[in-house]
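Peer 1: There's a structure below that I have some questions on.
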Amino acid sequence: MLQARDEHGRRVANPKASALSQMVANLGRGNAFVIIERIDDEADGDWYVQVWLRDDNSYQLEFRDGAAAEHYQTRTISQDKVIAALSGWAEGHPEWKDAFMWNNIRSLFEDAD
């Protein structure tokens, strides 16, 4: 099961592209992020994608594939690319991340795992 949530606490179970689009469109001061998590009691690790609307109006995207060693980050100014990435991840399309250059940021989390 997937769950999307924003900084206001709004939660959407198994979000579709339209719900994710609306959540991203509503980003702003006081509601600066959306996180989509894969909630599965059977799988170890954390599986999620998230977006943060930064103060400079750029979007910081991150995803984690189970462990800190697989935590990546990128930035964009395109709301459309953000929505496509979140929707693609949620729908399980492997090409969702192809539109970006990703940086592995595992070093930020090495002590966390």
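Just remember, in the structure tokens the first chain shown is A, the second B, etc., residues are 1-based per chain, and ligands are 1-based in the order shown.
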Write out as a PyMOL selection string which residues come within 12 Å of range 7-18 of chain A when counting only C-alpha atoms, dropping same-chain ones fewer than 6 positions away.

Peer 2: chain A and resi 1+24-39+50-53+80+82-92

Peer 1: Please write the residues from the selection above to a file, keeping N, CA, C and O atoms, as a compact mmCIF listing (two decimals), in the first residue's frame.

Peer 2:
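result32.txt, freshly written:
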```
# COMPACT_ATOMS: atom_id res chain seq x y z
N MET A 1 0.84 -1.17 0.00
CA MET A 1 0.00 0.00 0.00
C MET A 1 0.89 1.24 0.00
O MET A 1 1.95 1.25 0.60
N VAL A 24 0.92 18.64 -5.03
CA VAL A 24 2.08 19.43 -5.45
C VAL A 24 1.65 20.86 -5.74
O VAL A 24 2.33 21.81 -5.36
N ALA A 25 0.50 21.04 -6.38
CA ALA A 25 0.01 22.39 -6.68
C ALA A 25 -0.25 23.19 -5.40
O ALA A 25 -0.14 24.42 -5.41
N ASN A 26 -0.56 22.51 -4.31
CA ASN A 26 -0.86 23.18 -3.04
C ASN A 26 0.39 23.47 -2.20
O ASN A 26 0.27 23.98 -1.09
N LEU A 27 1.56 23.13 -2.69
CA LEU A 27 2.78 23.39 -1.92
C LEU A 27 3.01 24.89 -1.81
O LEU A 27 2.76 25.65 -2.73
N GLY A 28 3.51 25.29 -0.64
CA GLY A 28 3.82 26.69 -0.37
C GLY A 28 4.30 26.83 1.05
O GLY A 28 4.54 25.84 1.75
N ARG A 29 4.42 28.04 1.52
CA ARG A 29 4.86 28.27 2.91
C ARG A 29 3.91 27.58 3.88
O ARG A 29 2.71 27.71 3.77
N GLY A 30 4.48 26.84 4.81
CA GLY A 30 3.67 26.13 5.78
C GLY A 30 3.15 24.79 5.29
O GLY A 30 2.57 24.02 6.03
N ASN A 31 3.34 24.51 4.01
CA ASN A 31 2.96 23.23 3.42
C ASN A 31 3.96 22.96 2.29
O ASN A 31 3.62 22.98 1.12
N ALA A 32 5.21 22.72 2.69
CA ALA A 32 6.31 22.71 1.73
C ALA A 32 6.73 21.33 1.24
O ALA A 32 7.63 21.24 0.42
N PHE A 33 6.10 20.25 1.71
CA PHE A 33 6.54 18.95 1.24
C PHE A 33 5.39 17.97 1.05
O PHE A 33 4.33 18.11 1.63
N VAL A 34 5.67 16.99 0.19
CA VAL A 34 4.81 15.83 -0.03
C VAL A 34 5.70 14.60 0.01
O VAL A 34 6.77 14.58 -0.60
N ILE A 35 5.28 13.60 0.76
CA ILE A 35 6.00 12.34 0.87
C ILE A 35 5.05 11.21 0.46
O ILE A 35 3.91 11.18 0.91
N ILE A 36 5.54 10.31 -0.38
CA ILE A 36 4.78 9.11 -0.72
C ILE A 36 5.60 7.93 -0.22
O ILE A 36 6.74 7.74 -0.62
N GLU A 37 5.00 7.16 0.67
CA GLU A 37 5.68 6.02 1.29
C GLU A 37 5.03 4.71 0.87
O GLU A 37 3.82 4.63 0.75
N ARG A 38 5.87 3.72 0.70
CA ARG A 38 5.39 2.36 0.49
C ARG A 38 5.29 1.76 1.88
O ARG A 38 6.29 1.61 2.57
N ILE A 39 4.08 1.44 2.30
CA ILE A 39 3.84 0.90 3.64
C ILE A 39 3.61 -0.60 3.49
O ILE A 39 2.59 -1.03 2.96
N GLN A 50 9.94 11.84 -2.11
CA GLN A 50 9.43 13.06 -1.49
C GLN A 50 9.87 14.28 -2.29
O GLN A 50 10.87 14.25 -3.00
N VAL A 51 9.08 15.34 -2.15
CA VAL A 51 9.42 16.61 -2.78
C VAL A 51 9.28 17.71 -1.74
O VAL A 51 8.38 17.67 -0.90
N TRP A 52 10.19 18.66 -1.81
CA TRP A 52 10.19 19.81 -0.92
C TRP A 52 10.27 21.06 -1.79
O TRP A 52 11.17 21.18 -2.62
N LEU A 53 9.33 21.97 -1.62
CA LEU A 53 9.38 23.25 -2.31
C LEU A 53 10.28 24.17 -1.51
O LEU A 53 9.95 24.58 -0.40
N ASP A 80 5.75 20.23 -13.49
CA ASP A 80 5.28 19.11 -14.30
C ASP A 80 6.19 17.89 -14.16
O ASP A 80 5.71 16.76 -14.08
N VAL A 82 8.04 17.20 -11.59
CA VAL A 82 7.85 16.69 -10.23
C VAL A 82 6.61 15.80 -10.19
O VAL A 82 6.65 14.68 -9.66
N ILE A 83 5.52 16.28 -10.75
CA ILE A 83 4.27 15.50 -10.74
C ILE A 83 4.46 14.20 -11.51
O ILE A 83 4.02 13.13 -11.06
N ALA A 84 5.13 14.26 -12.65
CA ALA A 84 5.38 13.04 -13.44
C ALA A 84 6.24 12.06 -12.65
O ALA A 84 5.98 10.84 -12.68
N ALA A 85 7.24 12.56 -11.93
CA ALA A 85 8.12 11.68 -11.14
C ALA A 85 7.34 11.02 -10.01
O ALA A 85 7.42 9.80 -9.81
N LEU A 86 6.59 11.80 -9.25
CA LEU A 86 5.82 11.24 -8.14
C LEU A 86 4.81 10.22 -8.63
O LEU A 86 4.65 9.14 -8.06
N SER A 87 4.11 10.56 -9.70
CA SER A 87 3.10 9.66 -10.26
C SER A 87 3.74 8.38 -10.79
O SER A 87 3.23 7.28 -10.57
N GLY A 88 4.86 8.53 -11.50
CA GLY A 88 5.56 7.36 -12.03
C GLY A 88 6.04 6.44 -10.94
O GLY A 88 5.92 5.21 -11.05
N TRP A 89 6.59 7.01 -9.87
CA TRP A 89 7.05 6.20 -8.74
C TRP A 89 5.86 5.46 -8.12
O TRP A 89 5.93 4.25 -7.86
N ALA A 90 4.78 6.19 -7.89
CA ALA A 90 3.60 5.59 -7.26
C ALA A 90 3.00 4.48 -8.12
O ALA A 90 2.48 3.50 -7.59
N GLU A 91 3.09 4.61 -9.43
CA GLU A 91 2.53 3.61 -10.35
C GLU A 91 3.52 2.49 -10.66
O GLU A 91 3.19 1.55 -11.38
N GLY A 92 4.74 2.60 -10.14
CA GLY A 92 5.73 1.54 -10.34
C GLY A 92 6.40 1.53 -11.69
O GLY A 92 6.94 0.51 -12.11
```

Peer 1: List as a PDB file with C-alpha atoms, in the first residue's frame the protein and nucleic acid residues near Asn103 in chain A, meaning an atom at most 9 Å away when only C-alpha atoms are counted, but skip any in the same chain fewer than 2 places from it.

Peer 2:
```
ATOM      1  CA  HIS A  71      19.085   7.530  -1.001  1.00  0.00           C
ATOM      2  CA  TYR A  72      19.175   9.997  -3.910  1.00  0.00           C
ATOM      3  CA  GLN A  73      18.447  13.674  -4.443  1.00  0.00           C
ATOM      4  CA  THR A  74      17.965  16.111  -7.326  1.00  0.00           C
ATOM      5  CA  MET A 101      20.466  13.651 -12.784  1.00  0.00           C
ATOM      6  CA  ILE A 105      23.375  11.313  -0.630  1.00  0.00           C
TER       7      ILE A 105
END
```

Peer 1: DSSP on the backbone: what in chain A comes out strand (DSSP E or B), as a ChimeraX atom specification?

Peer 2: /A:2-6,11-13,28,31,33-38,46-53,59-66,71-76,103-104

Peer 1: For the selection you just gave me, I'd like the residues written to a file as an mmCIF file, in the first residue's frame, keeping C-alpha atoms.

Peer 2:
```cif
data_model
loop_
_atom_site.group_PDB
_atom_site.id
_atom_site.type_symbol
_atom_site.label_atom_id
_atom_site.label_comp_id
_atom_site.auth_asym_id
_atom_site.auth_seq_id
_atom_site.Cartn_x
_atom_site.Cartn_y
_atom_site.Cartn_z
ATOM 1 C CA LEU A 2 1.101 3.555 -0.673
ATOM 2 C CA GLN A 3 0.333 6.603 1.384
ATOM 3 C CA ALA A 4 0.921 10.233 0.416
ATOM 4 C CA ARG A 5 0.997 12.982 3.012
ATOM 5 C CA ASP A 6 1.817 16.643 3.099
ATOM 6 C CA ARG A 11 -3.148 11.846 3.791
ATOM 7 C CA VAL A 12 -4.174 10.000 0.660
ATOM 8 C CA ALA A 13 -4.102 6.199 0.489
ATOM 9 C CA GLY A 28 3.821 26.692 -0.371
ATOM 10 C CA ASN A 31 2.962 23.233 3.416
ATOM 11 C CA PHE A 33 6.541 18.946 1.240
ATOM 12 C CA VAL A 34 4.806 15.828 -0.029
ATOM 13 C CA ILE A 35 6.002 12.336 0.866
ATOM 14 C CA ILE A 36 4.776 9.108 -0.724
ATOM 15 C CA GLU A 37 5.684 6.021 1.287
ATOM 16 C CA ARG A 38 5.388 2.360 0.494
ATOM 17 C CA ASP A 46 12.245 2.629 3.961
ATOM 18 C CA TRP A 47 10.770 3.052 0.492
ATOM 19 C CA TYR A 48 9.640 6.544 -0.395
ATOM 20 C CA VAL A 49 9.812 9.520 -2.710
ATOM 21 C CA GLN A 50 9.431 13.062 -1.494
ATOM 22 C CA VAL A 51 9.421 16.606 -2.775
ATOM 23 C CA TRP A 52 10.190 19.814 -0.919
ATOM 24 C CA LEU A 53 9.375 23.248 -2.311
ATOM 25 C CA TYR A 59 11.761 21.573 -6.045
ATOM 26 C CA GLN A 60 14.078 19.181 -4.237
ATOM 27 C CA LEU A 61 13.210 15.570 -5.010
ATOM 28 C CA GLU A 62 14.540 12.636 -3.019
ATOM 29 C CA PHE A 63 13.920 8.921 -3.046
ATOM 30 C CA ARG A 64 15.053 6.028 -0.926
ATOM 31 C CA ASP A 65 15.099 2.423 -2.069
ATOM 32 C CA GLY A 66 15.153 0.584 1.225
ATOM 33 C CA HIS A 71 19.085 7.530 -1.001
ATOM 34 C CA TYR A 72 19.175 9.997 -3.910
ATOM 35 C CA GLN A 73 18.447 13.674 -4.443
ATOM 36 C CA THR A 74 17.965 16.111 -7.326
ATOM 37 C CA ARG A 75 16.482 19.551 -7.943
ATOM 38 C CA THR A 76 14.267 21.030 -10.632
ATOM 39 C CA ASN A 103 23.078 12.432 -6.584
ATOM 40 C CA ASN A 104 23.532 9.661 -4.063
#
```

Peer 1: Running DSSP on the backbone, which parts of chain A land in alpha helix (DSSP H), as a CSV table (one decimal) with N, CA and C atoms, in the first residue's frame?

Peer 2:
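Final output, saved to out-v6.csv:
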```csv
chain,number,residue,atom,x,y,z
A,17,ALA,N,-2.5,10.0,-9.9
A,17,ALA,CA,-1.9,11.1,-10.4
A,17,ALA,C,-2.6,12.4,-10.2
A,18,SER,N,-3.9,12.4,-10.2
A,18,SER,CA,-4.7,13.6,-10.0
A,18,SER,C,-4.5,14.1,-8.5
A,19,ALA,N,-4.5,13.2,-7.6
A,19,ALA,CA,-4.4,13.6,-6.2
A,19,ALA,C,-2.9,14.1,-5.9
A,20,LEU,N,-1.9,13.5,-6.5
A,20,LEU,CA,-0.6,13.9,-6.4
A,20,LEU,C,-0.4,15.3,-7.0
A,21,SER,N,-1.0,15.5,-8.2
A,21,SER,CA,-0.9,16.8,-8.9
A,21,SER,C,-1.5,17.9,-8.0
A,22,GLN,N,-2.6,17.6,-7.4
A,22,GLN,CA,-3.2,18.6,-6.5
A,22,GLN,C,-2.4,18.9,-5.3
A,23,MET,N,-1.8,17.8,-4.7
A,23,MET,CA,-0.9,18.0,-3.5
A,23,MET,C,0.3,18.9,-3.9
A,24,VAL,N,0.9,18.6,-5.0
A,24,VAL,CA,2.1,19.4,-5.4
A,24,VAL,C,1.6,20.9,-5.7
A,25,ALA,N,0.5,21.0,-6.4
A,25,ALA,CA,0.0,22.4,-6.7
A,25,ALA,C,-0.2,23.2,-5.4
A,79,GLN,N,7.4,22.0,-12.1
A,79,GLN,CA,6.3,21.3,-11.4
A,79,GLN,C,5.8,20.1,-12.2
A,80,ASP,N,5.8,20.2,-13.5
A,80,ASP,CA,5.3,19.1,-14.3
A,80,ASP,C,6.2,17.9,-14.2
A,81,LYS,N,7.5,18.1,-14.1
A,81,LYS,CA,8.4,17.0,-14.0
A,81,LYS,C,8.3,16.4,-12.6
A,82,VAL,N,8.0,17.2,-11.6
A,82,VAL,CA,7.8,16.7,-10.2
A,82,VAL,C,6.6,15.8,-10.2
A,83,ILE,N,5.5,16.3,-10.7
A,83,ILE,CA,4.3,15.5,-10.7
A,83,ILE,C,4.5,14.2,-11.5
A,84,ALA,N,5.1,14.3,-12.7
A,84,ALA,CA,5.4,13.0,-13.4
A,84,ALA,C,6.2,12.1,-12.7
A,85,ALA,N,7.2,12.6,-11.9
A,85,ALA,CA,8.1,11.7,-11.1
A,85,ALA,C,7.3,11.0,-10.0
A,86,LEU,N,6.6,11.8,-9.3
A,86,LEU,CA,5.8,11.2,-8.1
A,86,LEU,C,4.8,10.2,-8.6
A,87,SER,N,4.1,10.6,-9.7
A,87,SER,CA,3.1,9.7,-10.3
A,87,SER,C,3.7,8.4,-10.8
A,88,GLY,N,4.9,8.5,-11.5
A,88,GLY,CA,5.6,7.4,-12.0
A,88,GLY,C,6.0,6.4,-10.9
A,89,TRP,N,6.6,7.0,-9.9
A,89,TRP,CA,7.0,6.2,-8.7
A,89,TRP,C,5.9,5.5,-8.1
A,90,ALA,N,4.8,6.2,-7.9
A,90,ALA,CA,3.6,5.6,-7.3
A,90,ALA,C,3.0,4.5,-8.1
A,91,GLU,N,3.1,4.6,-9.4
A,91,GLU,CA,2.5,3.6,-10.3
A,91,GLU,C,3.5,2.5,-10.7
```

Peer 1: How many Å separate CA of Ile77 in chain A from CA of Lys97 in chain A?

Peer 2: 15.3 Å
